[in-house]
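Below is one structure, written out as structure tokens; the observations come after it.
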Amino acid sequence: MKKNFGILGILLVVFIATAIGNPNFLTAYNMFNLLERASLYGIIGIGVAFVIITGGIDLSIGSLIGLVATLLPFIVVQQSFPLAVGLFAIFALSLCVGLTHGVLITRLKLQPFVVTLCGLMIYRGIARWIVSDKTMGYGNETFSGLKVMVGNLSQLPGMSGFSWAKHIPVAFLILLVLGVIASVFLNKTIYGRYLLALGRNEQAARFSGINTSVMIIIAYVICSVISGFGGLLFALDYGSIQPDSFGNFYELYAIAAAVLGGCSLRGGEGSIFGIILGAALMRLLMNSISMLGIDDQLEPAVIGIVILIGVMVDELVKRFAARRRAVKQAKVTTALPEVDA
Amino acid sequence: MKKNFGILGILLVVFIATAIGNPNFLTAYNMFNLLERASLYGIIGIGVAFVIITGGIDLSIGSLIGLVATLLPFIVVQQSFPLAVGLFAIFALSLCVGLTHGVLITRLKLQPFVVTLCGLMIYRGIARWIVSDKTMGYGNETFSGLKVMVGNLSQLPGMSGFSWAKHIPVAFLILLVLGVIASVFLNKTIYGRYLLALGRNEQAARFSGINTSVMIIIAYVICSVISGFGGLLFALDYGSIQPDSFGNFYELYAIAAAVLGGCSLRGGEGSIFGIILGAALMRLLMNSISMLGIDDQLEPAVIGIVILIGVMVDELVKRFAARRRAVKQAKVTTALPEVDA
Amino acid sequence: MNLLDNSPLLIVESVTKRFPGVTALNNVCLSLAKGEVLALIGENGAGKSTLMKILAGVQMPDEGSIRVNGCPVRLDSVQTAQANGIALIHQELNLSGNLSIGDNIFLGREPLRSGLIDKKKIHIEAQSFLTLVGLDVSADVLVDSLSIGQQQLVEIARALSVDAKILIMDEPTSSLSQHETERLMEVVKDLRGRGVSVIYISHRLGEVQELADRVTVFRDGKNAGDLVRDEMNHDRMVQLMVGRDISQFYVRSPHDAGDVVLEVKDLQTAANPGCYLNFSVRTREIVGVAGLVGAGRTELFEVLFGVQPALSGRVMVDGREVSLRSPRDAIDAGIALVPEDRKQQGIILEMTVRMNIGLAGLRQHKKKAGFLNATQEADDTSAMIERLKIKTPDAGQVVQYLSGGNQQKVVLGKWLSIAPRILLLDEPTRGIDVGAKQEIYGLMDELAKKGVSILFVSSEMEEILGMSDRTLVMHEGQITGQLVRDELSEERVMQLATGNVAMGTH
Amino acid sequence: SQNSSDNPEADARPKVAYITNGIASFWTFAEKGAKDAAQEFNADVNIQMPANGVEDQKRICQDLLAQGIDGIAISPIDPDNQGDLLTEIGQRTNMITHDSDAPGSERLCYIGMDNYTAGRMCGELVKEAMPEGGSVMIFVGRLGQANSRLRRQGVIDELLDREPDENRYDEPSAGVIKGEKYTILDTRTDGFDFGKAKAQAQDAVAKYDDLGCMVGLFAYNPPLMLDAVREAGKVGKIKIVAFDEHDRSLQAINDKEIYGTVVQNPYKYGYESVRVLAGLARGDSSVIPENKILYIPARQIRNDNVAAFQAELQRLLSTEESEGTTNVVSEPAGDESP
Ligand SMILES: Nc1ncnc2c1ncn2[C@@H]1O[C@H](COP(=O)(O)OP(=O)(O)OP(=O)(O)O)[C@@H](O)[C@H]1O
Ligand SMILES: Nc1ncnc2c1ncn2[C@@H]1O[C@H](COP(=O)(O)OP(=O)(O)OP(=O)(O)O)[C@@H](O)[C@H]1O
Ligand SMILES: [Mg+2]
Ligand SMILES: [Mg+2]
């Protein structure tokens, strides 16, 4: 958590600055929206974190999201299968995608960047092809039950009585649950420990009796399944899906959130809390840009600059801490010899 | 060159299959187009190869291309500066971009993926902001001189007499020249040797007295300058620049070409010839898809699958060769002990 | 003894260097005369390598001064160090595996012809240096395809090619066997004869005694004393290094070997497919495996540990055949491996002592539905820290800040915590100081007494002679002989290891 | 690419191509029209939707030319700057433009409407929806393409009662544009990212207490704007004016949640393009009108005529369904329009 100081600081500064700049920023309506967006992107950020921790990467997330979101209405509305079949199909698809990535990476020893770059292209092509580039929609009655997931807490059974529940998105609850599970998995189970270990030094992990291939495959499966689930949430929220562009660049958002949150792309490091912060910061920035009336065109530049500053601050904080430790050490060692002598 | 067998094979197969499938494929017109496209993408592929060889990556290429292509007409047409000023400005810009990447990566020890991901966002934002998202055009008279670079050889001074010159794009000549220079640089000069050495083991290179930071910075500068130049060529060829999308995903095409051509993203490996092959294969595929009347929507999927097959074949060839070597070795060693005994 | 100039060539004065968490050098001094071979010894983490890196321009000192030929110098880069005539063979291998041997030897100093690299010249000159160090491989071969020992020889060839006035060798023999080591001794003596000054770091005190004109000893980042040639004997050196006497170095009590535990039949490995290996190990037995660099010993261990598959043959534990397709299988069969390449295969540098020691035992936590058993992990770790006397501030220390010997003990601790029945040790004391060595020997003995079967590879003749109940000798992938304790002698081992004799007894 | 049929007598049938400026379900109707015409006029039509802008469009055209084609109908993404490509096509085959014109090129004919005028029609709807005046936000996928800029400019010019001038461009970065009655607060783009489009709408609702009307210029914008307004509980307070025929937009017009929309007639674009090209291929130049422009006007849809319009669309779709080629049930129409 210590290494999330930099980003937490930036988050607070931007938050306060926007609140001062535009009083409407703090309205319940805007806060709800912000929370919901941060949650959706946070969810896919958590997914990719597992892969990043193994020292890998997944560039196919955006395309998988596009494919899943396209497939569900295709199966359920166009082919008239029951919703359960559709949901199972996209779940199975996500799982197979992750499995394939993992197997290609561990068995054939292909590079994760390459495998998932190909995935980026392949899933996009399939999504476009299946529905001939037609826009898919979630306006259908069938999906109204699922839509609770992108509503507010008061829509949940038994929650309608609480007035505050109206102001909390269900997606935030999902994020919290997922975040806690992921955090426990990563830090409290042996599998999480295996992932962290092999992310640092795969060979040493294998030499310690860890089945690193299986663990890596699991990481890719987790990533793809969470991405697929995230794709469903995004689709429900936006209602309308264009197969050729839905989800484009989402992998970069997810990776950026993970990196901002302290994941090292070299593997072996990552905090779920940090990733949620990272996703929140990115969405906050976009909201602030709107709220403060900053040029729309500059938005990508602002986000890019903030991420850059974030990682730079983190790096400098790390160096500063190391230096301070060295200085402290110096004092200790100059004190000790007198006792020795 | 040996390791380009797989991809060369696929290239030939696709080429012959398309030629059989559609006789129009081999027309001079189509060949010219194909050669030109392959050349343009080959050029940016060569650029990114330098960075990949150091074990780095440059995700900002597409955005830089967009920025450069937007800036030139902005400076020359809208602000009415002379063309030379405009050209110098985009050259200087590309150079500074590369320099900044290199410095952030070597001095601040930031990860290349992160730095250039931020670049991807920042340059896009700046390009959009400077011209307020307006489309920029190269229809202007001022650029007609430059347009020779995307014409055919017969437009070059002294070449109008040769009838064959009409069928060769100038861009192909540029690619050849650049390819030869890059190849010599990489394989015959000490700088190339240093890049290869540090790409595999930076510490070893540093301990050998190589200023690895400077070499890495040089690689990023080369990449950005070539990308900028490539951006100019693309812009001249397409004539119309939408600041918010021009060049999107080009970095992925460039990286894919380099990887197909045998560059390892782990660094230390790369053949210029292979990269050119890689770029050619990708463009050939797109052309073949058109020529054979394959569903347009499937295009990304086809490309993704072919790249995947390409790297898989390369990997299997490599393993097979290793096994054969081992077997050969075995024969030699089994021969020896019998003499001993 | 050589006649030395009065004015030393190199003087290091009160150099201090701090790292986060440690003070590696604390006011150390050192001097080196022209044509002198100075041995630098000290326990792991005493600061030897740190000082050498400072001299080679890789690191900058926090305080202190350095003079070469009487002039103060600021060695802020490898280039300035080279300009001052200083070359360093690093303790860790530093080669680019994607380049050829020749390219590595001349990396950073490539001869040019009309602006381009002169490949021919590189080849010819590199070949001559390879001959000098006794590596019989073409200079065009990629470094990736060499074994660690061979790579070490390439490193040495590179340092020789620099033509330095001061040549620093940081444990050059740590992965060399006797044969190559002797060759290196000759080279060093020859260099001395030509007026080159050498700083020689080694934990093998025998080499030091043979080679050094003078010995400087470091302890805990400080000077602990100097010894001139006449004063140099094993005990004095150890005394200065460790601060106490180590009377009995090789700890061995008589083991009465029991039943056969591990039996290997017609085992064929990928690196040496022409050879079929047969041997067995019994309980309470310590079996040494001797051989030259590249004899195939590591390869054998990796097959036994399931790292790479055997081409054919059988491995039996307790008379039952086991299939070894992964380290997991091996561990399940009761086999553990302490690998040769500690940093790549043994430990996870960025993780804590606790996490490293706990890593192999985590599977036993499965009882708790896969949740970590923090108490068990903590208990295991503190037990190991105590039992192996691991020097660490606490179990939460990151392993990369430990000295090499203590890192090695962490690897041992990881395996002892799951109580293996067959322990494979590949160069267990590589790069480890005498104190830690003795502790490891003691441990091996203790384990054997408790019924563990130990198979260990060593390139150090003394260690083989001192520790093994039985010795297997390998040559070019083949087991050329087995020597029981009574037959064991340096000559016998060398004969078998160099393949100079007819096949030994099986 | 869809070759409409593999007829044995294909030799006699002209091969023509219909090229859009991107992928959008707006073009689904054009595709339908083109196919219907192909059947009627005995031609093969190859429908191509470039996914990646100018570059893709160029590549697709060149590849078609290389295969030999009897005519190309193209919607140039950036007519001003694609002169070289248009010349190349014009020299090699019959070329007409649709949806977006390139008057300076060698095109034989233009089929479509004027985006600027359509924008002004959209502005008229805003005026009707909010006769007493107020502040307006504009949402659009991209401003990079000429048609969206023209559309936006039309809206602004109409609201400010300016003289028509297609070359005017109020830069979005210039900030608030104040007219006598109407104030254009801002224009936000989303780059076809639906998530961002929704966020932009939500942010605007949150930011401006006095927001009077939201205008969505690409088909997917209005439904997302409506979501935002609903969530804020401001339906009716904030007026919405749409563009194109997204089914949710039409439904909302029915429910009086959206005031109205401006629709083009993409079916006609496709139909007429193929008809003209087939005629030209057979040497019949009478298919081209005198002024070389086949004007297909845009229409304004309000609550009073939305039912009839929906029925019209339904008819188109049902024929399509019976053919069994494609069926877009949930989304009968409309994404970002060209
Ligand atoms: N880069 C570094 N960062 C932090 N600590 C370091 C670093 N390099 C060395 N140290 C620490 O400095 C101390 C001295 O290390 P050094 O490598 O000089 O020991 P050494 O005498 O060469 O030991 P060995 O015999 O094991 O090679 C050790 O405690 C080591 O952990
Ligand atoms: N993966 C491999 N593929 C091919 N050859 C290999 C491989 N690993 C090792 N070798 C070769 O097999 C031989 C035996 O190597 P190994 O490392 O097992 O020897 P060793 O006796 O342990 O020597 P060292 O003391 O250098 O470790 C060497 O010639 C080495 O080059
Ligand atoms: Mg050392
Ligand atoms: Mg070995």
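Please note that chains go A, B, ... in the order of the structure tokens, that every chain numbers its residues from 1, and that ligands are numbered from 1 in the order shown.
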
* List all protein, DNA and RNA residues that have any atom at most 8 Å from ligand 1, counting only C-alpha atoms and all ligand atoms, and write the list as a VMD selection string. => chain C and resid 18 to 25 41 to 52 91 170 to 171 202 to 203 218 221 400 to 405 431 to 433

* Can you list, as a PyMOL selection string, all residues belonging to range 62-285 of chain A that DSSP tags as helix (DSSP H, G or I)? => chain A and resi 62-78+83-106+112-130+141-143+146-150+153-155+164-167+170-188+190-200+202-207+212-238+250-260+272-285

Selected residues, C-alpha atoms, written as a compact mmCIF listing (two decimals), in the first residue's frame, please.
# COMPACT_ATOMS: atom_id res chain seq x y z
CA GLY A 62 -10.69 -5.14 -25.75
CA SER A 63 -11.38 -7.52 -28.62
CA LEU A 64 -12.62 -10.22 -26.29
CA ILE A 65 -14.97 -7.70 -24.72
CA GLY A 66 -16.19 -6.83 -28.19
CA LEU A 67 -16.67 -10.49 -29.08
CA VAL A 68 -18.51 -11.41 -25.90
CA ALA A 69 -20.76 -8.37 -26.12
CA THR A 70 -21.58 -9.15 -29.73
CA LEU A 71 -22.15 -12.84 -29.20
CA LEU A 72 -24.66 -12.67 -26.38
CA PRO A 73 -27.41 -10.83 -28.30
CA PHE A 74 -26.51 -12.85 -31.37
CA ILE A 75 -27.17 -16.10 -29.53
CA VAL A 76 -30.06 -14.96 -27.40
CA VAL A 77 -31.92 -12.60 -29.71
CA GLN A 78 -31.02 -13.64 -33.21
CA LEU A 83 -30.46 -16.50 -21.93
CA ALA A 84 -28.79 -19.14 -19.80
CA VAL A 85 -27.35 -20.78 -22.90
CA GLY A 86 -26.03 -17.43 -24.07
CA LEU A 87 -24.43 -16.68 -20.74
CA PHE A 88 -22.90 -20.10 -20.56
CA ALA A 89 -21.58 -19.74 -24.09
CA ILE A 90 -19.80 -16.47 -23.43
CA PHE A 91 -18.44 -17.84 -20.19
CA ALA A 92 -17.14 -20.93 -21.95
CA LEU A 93 -15.73 -18.79 -24.73
CA SER A 94 -13.83 -16.53 -22.34
CA LEU A 95 -12.50 -19.54 -20.55
CA CYS A 96 -11.33 -21.18 -23.76
CA VAL A 97 -9.70 -17.99 -24.90
CA GLY A 98 -7.71 -17.75 -21.69
CA LEU A 99 -6.86 -21.41 -21.86
CA THR A 100 -5.60 -21.08 -25.42
CA HIS A 101 -3.47 -18.08 -24.56
CA GLY A 102 -2.02 -19.88 -21.60
CA VAL A 103 -1.29 -23.07 -23.46
CA LEU A 104 0.35 -21.29 -26.39
CA ILE A 105 2.47 -19.26 -24.01
CA THR A 106 3.55 -22.08 -21.74
CA PRO A 112 2.52 -13.29 -24.47
CA PHE A 113 2.67 -10.03 -26.40
CA VAL A 114 2.53 -11.89 -29.70
CA VAL A 115 -0.12 -14.41 -28.74
CA THR A 116 -2.49 -11.81 -27.38
CA LEU A 117 -1.76 -9.38 -30.20
CA CYS A 118 -2.96 -12.09 -32.56
CA GLY A 119 -5.91 -12.57 -30.23
CA LEU A 120 -6.67 -8.87 -30.53
CA MET A 121 -7.03 -9.28 -34.26
CA ILE A 122 -8.69 -12.68 -34.33
CA TYR A 123 -11.49 -12.01 -31.84
CA ARG A 124 -12.26 -8.69 -33.46
CA GLY A 125 -12.48 -10.36 -36.85
CA ILE A 126 -14.74 -13.11 -35.55
CA ALA A 127 -17.04 -10.66 -33.80
CA ARG A 128 -17.40 -8.62 -36.98
CA TRP A 129 -17.86 -11.65 -39.15
CA ILE A 130 -20.49 -13.44 -37.10
CA GLU A 141 -36.62 -7.56 -22.64
CA THR A 142 -34.52 -10.68 -22.14
CA PHE A 143 -31.69 -8.64 -20.72
CA LEU A 146 -29.21 -8.74 -16.10
CA LYS A 147 -29.42 -4.98 -16.21
CA VAL A 148 -29.64 -4.91 -12.44
CA MET A 149 -25.88 -5.35 -12.52
CA VAL A 150 -25.48 -1.90 -13.96
CA LEU A 153 -28.17 -1.07 -5.03
CA SER A 154 -31.81 -0.27 -4.30
CA GLN A 155 -32.77 -2.45 -7.23
CA TRP A 164 -28.67 5.50 0.44
CA ALA A 165 -28.73 2.38 -1.71
CA LYS A 166 -29.95 4.51 -4.58
CA HIS A 167 -26.62 6.25 -4.68
CA VAL A 170 -24.26 -2.36 -8.15
CA ALA A 171 -21.09 -2.44 -10.23
CA PHE A 172 -19.25 -0.96 -7.28
CA LEU A 173 -20.45 -3.79 -5.11
CA ILE A 174 -19.26 -6.25 -7.74
CA LEU A 175 -15.90 -4.53 -7.84
CA LEU A 176 -15.59 -4.71 -4.07
CA VAL A 177 -16.46 -8.37 -3.94
CA LEU A 178 -14.16 -9.18 -6.83
CA GLY A 179 -11.41 -7.02 -5.34
CA VAL A 180 -11.61 -8.75 -1.97
CA ILE A 181 -11.60 -12.19 -3.57
CA ALA A 182 -8.69 -11.28 -5.82
CA SER A 183 -6.79 -9.78 -2.95
CA VAL A 184 -7.27 -12.80 -0.76
CA PHE A 185 -6.37 -15.10 -3.62
CA LEU A 186 -3.20 -13.18 -4.32
CA ASN A 187 -2.00 -12.63 -0.80
CA LYS A 188 -3.48 -15.36 1.32
CA ILE A 190 -0.66 -20.59 -2.00
CA TYR A 191 -1.74 -20.03 -5.59
CA GLY A 192 -1.33 -16.31 -5.24
CA ARG A 193 2.07 -16.89 -3.73
CA TYR A 194 2.95 -19.15 -6.66
CA LEU A 195 1.94 -16.46 -9.11
CA LEU A 196 4.02 -13.83 -7.37
CA ALA A 197 6.99 -16.18 -7.16
CA LEU A 198 6.94 -17.26 -10.77
CA GLY A 199 6.41 -13.66 -11.88
CA ARG A 200 9.75 -12.86 -10.30
CA GLU A 202 9.86 -18.59 -13.20
CA GLN A 203 12.78 -20.97 -13.24
CA ALA A 204 13.35 -20.83 -9.52
CA ALA A 205 9.64 -21.32 -8.97
CA ARG A 206 9.64 -24.40 -11.17
CA PHE A 207 12.69 -25.70 -9.35
CA THR A 212 4.45 -22.92 -13.32
CA SER A 213 2.78 -23.74 -16.62
CA VAL A 214 -0.49 -24.54 -14.93
CA MET A 215 -0.28 -21.42 -12.81
CA ILE A 216 0.36 -19.23 -15.84
CA ILE A 217 -2.53 -20.82 -17.67
CA ILE A 218 -4.74 -20.15 -14.67
CA ALA A 219 -3.70 -16.51 -14.71
CA TYR A 220 -4.67 -16.12 -18.36
CA VAL A 221 -7.94 -17.90 -17.75
CA ILE A 222 -8.75 -15.61 -14.84
CA CYS A 223 -7.92 -12.60 -16.96
CA SER A 224 -10.08 -13.70 -19.87
CA VAL A 225 -13.01 -14.74 -17.73
CA ILE A 226 -13.01 -11.45 -15.85
CA SER A 227 -12.64 -9.59 -19.14
CA GLY A 228 -15.58 -11.49 -20.57
CA PHE A 229 -17.64 -10.68 -17.51
CA GLY A 230 -16.52 -7.06 -17.76
CA GLY A 231 -17.56 -7.08 -21.40
CA LEU A 232 -21.03 -8.17 -20.38
CA LEU A 233 -21.27 -5.34 -17.86
CA PHE A 234 -20.04 -2.76 -20.37
CA ALA A 235 -22.52 -4.01 -22.94
CA LEU A 236 -25.42 -3.88 -20.50
CA ASP A 237 -24.44 -0.39 -19.50
CA TYR A 238 -24.11 1.03 -23.00
CA TYR A 250 -9.84 -1.19 -23.40
CA GLU A 251 -6.81 -3.40 -22.87
CA LEU A 252 -4.70 -0.29 -22.77
CA TYR A 253 -7.00 1.28 -20.19
CA ALA A 254 -6.84 -1.87 -18.12
CA ILE A 255 -3.08 -2.15 -18.38
CA ALA A 256 -2.65 1.54 -17.63
CA ALA A 257 -4.80 1.18 -14.51
CA ALA A 258 -2.73 -1.79 -13.38
CA VAL A 259 0.54 0.00 -14.01
CA LEU A 260 -0.66 3.16 -12.31
CA ILE A 272 -5.45 -4.98 -6.13
CA PHE A 273 -6.15 -1.86 -4.15
CA GLY A 274 -3.67 0.03 -6.29
CA ILE A 275 -5.33 -1.13 -9.49
CA ILE A 276 -8.71 0.07 -8.30
CA LEU A 277 -7.10 3.40 -7.47
CA GLY A 278 -5.53 3.48 -10.93
CA ALA A 279 -8.82 2.84 -12.68
CA ALA A 280 -10.52 5.42 -10.49
CA LEU A 281 -7.90 8.02 -11.29
CA MET A 282 -8.30 7.57 -15.02
CA ARG A 283 -12.08 7.88 -14.88
CA LEU A 284 -11.84 10.78 -12.48
CA LEU A 285 -9.56 12.57 -14.89

* Asked: Quick one: which residues from chain A are at most 8 Å off chain D, using only C-alpha atoms, as number ranges by chain?
  -> A: 22, 24-25, 27, 29-30, 33, 77-78, 133-140, 234, 238, 240-242, 244-248, 287, 290-291, 295-297

Let me have all residues with an atom within 8 Å of ligand 2, counting only C-alpha atoms and all ligand atoms, laid out as a short mmCIF file (atom, residue, chain, number, x, y, z; two decimals) with N, CA and C atoms, in the first residue's frame.
data_model
loop_
_atom_site.label_atom_id
_atom_site.label_comp_id
_atom_site.auth_asym_id
_atom_site.auth_seq_id
_atom_site.Cartn_x
_atom_site.Cartn_y
_atom_site.Cartn_z
N ALA B 326 20.94 -32.24 -31.71
CA ALA B 326 21.21 -33.15 -30.59
C ALA B 326 21.44 -34.57 -31.08
N SER C 145 25.27 -21.49 -26.07
CA SER C 145 25.37 -22.95 -26.10
C SER C 145 26.48 -23.49 -25.21
N LEU C 146 27.09 -22.62 -24.41
CA LEU C 146 28.17 -23.08 -23.54
C LEU C 146 27.65 -23.37 -22.14
N SER C 147 28.34 -24.25 -21.44
CA SER C 147 27.99 -24.48 -20.04
C SER C 147 28.58 -23.35 -19.21
N ILE C 148 28.13 -23.28 -17.96
CA ILE C 148 28.58 -22.18 -17.11
C ILE C 148 30.10 -22.13 -17.00
N GLY C 149 30.68 -23.29 -16.83
CA GLY C 149 32.13 -23.34 -16.70
C GLY C 149 32.82 -22.81 -17.94
N GLN C 150 32.29 -23.20 -19.09
CA GLN C 150 32.89 -22.72 -20.34
C GLN C 150 32.72 -21.21 -20.47
N SER C 175 33.43 -21.85 -10.80
CA SER C 175 32.76 -22.97 -11.49
C SER C 175 33.73 -23.73 -12.38
N LEU C 176 35.00 -23.63 -12.06
CA LEU C 176 35.99 -24.42 -12.81
C LEU C 176 36.41 -25.63 -12.00
N SER C 177 36.76 -26.67 -12.70
CA SER C 177 37.28 -27.83 -11.97
C SER C 177 38.80 -27.76 -11.95
N ALA C 270 19.82 -35.94 -22.58
CA ALA C 270 19.78 -35.27 -23.87
C ALA C 270 21.14 -34.67 -24.24
N ALA C 271 21.88 -34.19 -23.24
CA ALA C 271 23.14 -33.54 -23.56
C ALA C 271 24.20 -34.56 -24.00
N ASN C 272 24.11 -35.75 -23.46
CA ASN C 272 25.07 -36.78 -23.83
C ASN C 272 24.34 -38.07 -24.18
N GLY C 291 34.34 -34.50 -11.84
CA GLY C 291 34.47 -34.45 -13.29
C GLY C 291 34.92 -33.07 -13.72
N LEU C 292 35.31 -32.96 -14.99
CA LEU C 292 35.73 -31.66 -15.49
C LEU C 292 34.50 -30.83 -15.84
N VAL C 293 34.76 -29.58 -16.13
CA VAL C 293 33.67 -28.72 -16.59
C VAL C 293 33.02 -29.34 -17.82
N GLY C 294 31.69 -29.41 -17.81
CA GLY C 294 31.00 -29.94 -18.98
C GLY C 294 30.97 -31.45 -19.03
N ALA C 295 31.29 -32.09 -17.93
CA ALA C 295 31.29 -33.55 -17.94
C ALA C 295 29.87 -34.12 -17.94
N GLY C 296 28.89 -33.25 -17.67
CA GLY C 296 27.51 -33.72 -17.73
C GLY C 296 26.92 -33.98 -16.37
N ARG C 297 27.53 -33.43 -15.35
CA ARG C 297 27.05 -33.70 -13.99
C ARG C 297 25.77 -32.94 -13.70
N THR C 298 25.76 -31.65 -14.06
CA THR C 298 24.55 -30.86 -13.85
C THR C 298 23.39 -31.47 -14.61
N GLU C 299 23.71 -31.88 -15.81
CA GLU C 299 22.71 -32.51 -16.67
C GLU C 299 22.10 -33.73 -15.99
N LEU C 300 22.93 -34.53 -15.38
CA LEU C 300 22.45 -35.72 -14.68
C LEU C 300 21.50 -35.34 -13.55
N PHE C 301 21.91 -34.35 -12.78
CA PHE C 301 21.08 -33.92 -11.65
C PHE C 301 19.74 -33.38 -12.14
N GLU C 340 22.95 -25.57 -9.20
CA GLU C 340 24.25 -24.93 -9.39
C GLU C 340 24.10 -23.42 -9.51
N ASP C 426 24.26 -29.51 -6.17
CA ASP C 426 25.13 -29.23 -7.31
C ASP C 426 26.04 -28.07 -6.94
N VAL C 457 27.66 -32.78 -6.41
CA VAL C 457 28.62 -32.47 -7.46
C VAL C 457 29.60 -31.46 -6.92
N SER C 458 30.87 -31.68 -7.13
CA SER C 458 31.81 -30.64 -6.76
C SER C 458 32.96 -30.62 -7.75
N SER C 459 33.41 -29.42 -8.04
CA SER C 459 34.58 -29.29 -8.90
C SER C 459 35.82 -29.09 -8.06
N MET C 474 32.91 -38.54 -13.63
CA MET C 474 32.32 -38.48 -14.97
C MET C 474 33.28 -37.86 -15.95
N GLU C 476 32.92 -36.65 -20.10
CA GLU C 476 32.13 -36.53 -21.32
C GLU C 476 30.82 -37.31 -21.25
N GLY C 477 30.12 -37.13 -20.15
CA GLY C 477 28.79 -37.70 -20.04
C GLY C 477 28.75 -39.12 -19.53
#

* Asked: Could you state the separation of CA of Asn373 in chain C and CA of Ser208 in chain A in Å, given to one decimal place?
  ->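 Atom-to-atom, CA of Asn373 in chain C to CA of Ser208 in chain A, that is 17.7 Å.
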
* Using the chain letters and numbers from this document, which residues of range 205-263 of chain C does DSSP assign to strand (DSSP E or B), as a PyMOL selection string? -> chain C and resi 214-219+222-228+260-263

* Residues of chain C no more than 10 Å from chain A, counting only C-alpha atoms: send them over as a ChimeraX atom specification. => /C:17-23,26,302,305-307,326-332,336-339,341-351,355-366,368-374,411,414-415

* Structure fact -> Taken to one decimal, the CA of Leu55 in chain C-CA of Asp220 in chain C distance is 18.9 Å

* Determine the nearest neighbour of chain A from the options B:Ile52, B:Gly239, B:Asn152, B:Lys109, counting only C-alpha atoms. =>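 Nearest to chain A: B:Lys109.
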
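Taking only C-alpha atoms, the non-local environment of Arg282 in chain D within 12 Å (same-chain residues fewer than 2 positions away omitted) comprises D:Ala12, D:Arg13, D:Pro14, D:Lys15, D:Val16, D:Phe41, D:Asn42, D:Ala43, D:Asp70, D:Gly71, D:Asn94, D:Arg275, D:Val276, D:Leu277, D:Ala278, D:Gly279, D:Leu280, D:Asp284, D:Ser285, D:Ser286, D:Val287.
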